[in-house]
Amino acid sequence: MIINGSTSEYIDWTDTEGHIINVSDGGMIFADGRYHWYGQVMQDLGEGKGFTSSSATLQGIAMYGSEDLEHWEYEGIILACSTEAEGDLKAPLRFERSKIIYNVGTGKYVLWCHYVKYPGVHGTDPGTAEAGLAVSDRVNGPYKWIGAYRPIDEKGAVKDCTVYQDEDGSAYFIYDRKTSEQERCLHIVRLSDDYCSFTGEYRRIGAAFHREAPAVIKRDGYYYLITSGLSGWAPNEARYYRTTDLMGEWEDMGDPCVDDAEHNTFRSQSTYAFTERKTGRVILMSERHNTQSFLHCSYIWLPVDFHEDHTLSLTYRECWGI
């Protein structure tokens with residue numbers, strides 16, 4: 001696989017039919033012998049619709065499948081918006097930062113996301129900053145919408161989020177919890193055994209104050225959390241944290257990017273990390289948001305370099321292969 005890019009341009013990545021791969025801020029899951037890449041479908045709604053509307057979705061969450069991480073086949077909309085006048089799925093809305101994990105015990109694929117109801121305007125009121133849940137018997141859906149919730153209490157609005165499944169089968173919802181502009185901090189909440197609700201076990205990651213866009217990696221007994229600062233869609237300097245206990249103290253390790261002259265994570269923002277099956281190499285998926293045309297955002301994938309002192313780093317590569 002060869003991934004090409006430029007630190008200054010938006011590059012379209014197309015599927016096997018020549019259409020733009022449209023999976024904003026999504027994730028990756030390996031199932032049924034192939035990789036499945038998914039995320040919110042973006043579109044240009046035309047002049048006069050405004051920034052907020054153009055960054056919501058009219059369609060839902062899409063998925064693509066691949067055996068080699070290079071050639072991607074469109075698998076369809078796995079969680080669709082609704083054209084009905086009422087209900088949680090009325091479009092436009094947001095299914096931002098959707099993440100899917102598989103529950104061995106129930107045989108269900110469980111999808112969590114940052115959900116914002118119609119018309120897709122971010123806020124803190126009920127329905128405008130929630131954890132959205134959907135489930136399916138198949139990785140590529142269709143997914144059944146279950147509902148929207150707040151993990152810890154009703155005061156804590158949900159912003160950027162991810163889901164992490166540990167080696168023992170336990171799973172965690174990690175999110176930017178907002179109670180005010182002054183109090184925004186990443187929190188980690190343990191999910192129930194079926195992954196469909198929240199337990200009372202949670203941790204405020206105090207070191208990750210005013211951070212978002214979390215991506216979790218585990219290596220040699222250490223957990224790593226790569227994050228972005230709070231600057232909206234504009235890229236900024238990444239920071240990462242590490243711990244040996246998910247519910248313990250996290251250590252601020254600084255910026256993982258090497259020779260990042262502009263200090264903006266190579267003009268991108270983290271979204272998810274996954275392991276390539278054959279080599280065991282960890283790949284960080286990031287996105288270069290194009291606020292002029294969200295349909296033409298770029299996906300930046302970089303291999304993660306791990307070091308003997310249990311640190312990690314990211315180096316930009318215009319071309320690299322597996």
# chains A, B, ... in the order shown; residues from 1 in each chain; ligands from 1
call {"tool": "residues_around", "arguments": {"residues": "Tyr202 of chain A", "least_positions_apart": "5", "cutoff": "9 Å", "atoms": "only C-alpha atoms", "output": "ChimeraX atom specification"}}
result
/A:152,187-190,247
call {"tool": "write_last_selection", "arguments": {"atoms": "C-alpha atoms", "output": "mmCIF file, in the first residue's frame"}}
result
data_model
loop_
_atom_site.group_PDB
_atom_site.id
_atom_site.type_symbol
_atom_site.label_atom_id
_atom_site.label_comp_id
_atom_site.auth_asym_id
_atom_site.auth_seq_id
_atom_site.Cartn_x
_atom_site.Cartn_y
_atom_site.Cartn_z
ATOM 1 C CA ILE A 152 -21.882 10.799 33.676
ATOM 2 C CA HIS A 187 -13.142 11.911 30.633
ATOM 3 C CA ILE A 188 -13.114 8.125 30.356
ATOM 4 C CA VAL A 189 -16.193 6.083 31.286
ATOM 5 C CA ARG A 190 -16.368 2.297 31.448
ATOM 6 C CA MET A 247 -8.504 4.667 35.312
#
call {"tool": "select_by_dssp", "arguments": {"residues": "segment 266-297 of chain A", "states": "strand (DSSP E)", "output": "PyMOL selection string"}}
result
chain A and resi 269-275+282-288
call {"tool": "closest_atom_pairs", "arguments": {"of": "segment 223-256 of chain A", "to": "segment 283-296 of chain A", "cutoff": "9 Å", "atoms": "only C-alpha atoms", "output": "tab-separated table"}}
result
residue	atom	partner	partner_atom	distance
A:Trp233	CA	A:His289	CA	6.3
A:Ala234	CA	A:His289	CA	7.5
A:Pro235	CA	A:Arg288	CA	7.8
call {"tool": "write_last_selection", "arguments": {"atoms": "C-alpha atoms", "output": "tab-separated table (two decimals), in the first residue's frame"}}
result
chain	number	residue	atom	x	y	z
A	233	TRP	CA	-11.86	22.82	12.66
A	234	ALA	CA	-8.47	24.56	12.52
A	235	PRO	CA	-5.47	22.27	13.16
call {"tool": "closest_residue", "arguments": {"among": "A:Trp250, A:Phe173, A:Phe198, A:Tyr115", "to": "Ala157 of chain A", "atoms": "only C-alpha atoms"}}
result
A:Tyr115
call {"tool": "residues_around", "arguments": {"residues": "segment 30-36 of chain A", "least_positions_apart": "5", "cutoff": "12 Å", "atoms": "only C-alpha atoms", "output": "NGL selection string"}}
result
:A and (23 or 62-76 or 78 or 99-102 or 109 or 138-141 or 274-278)
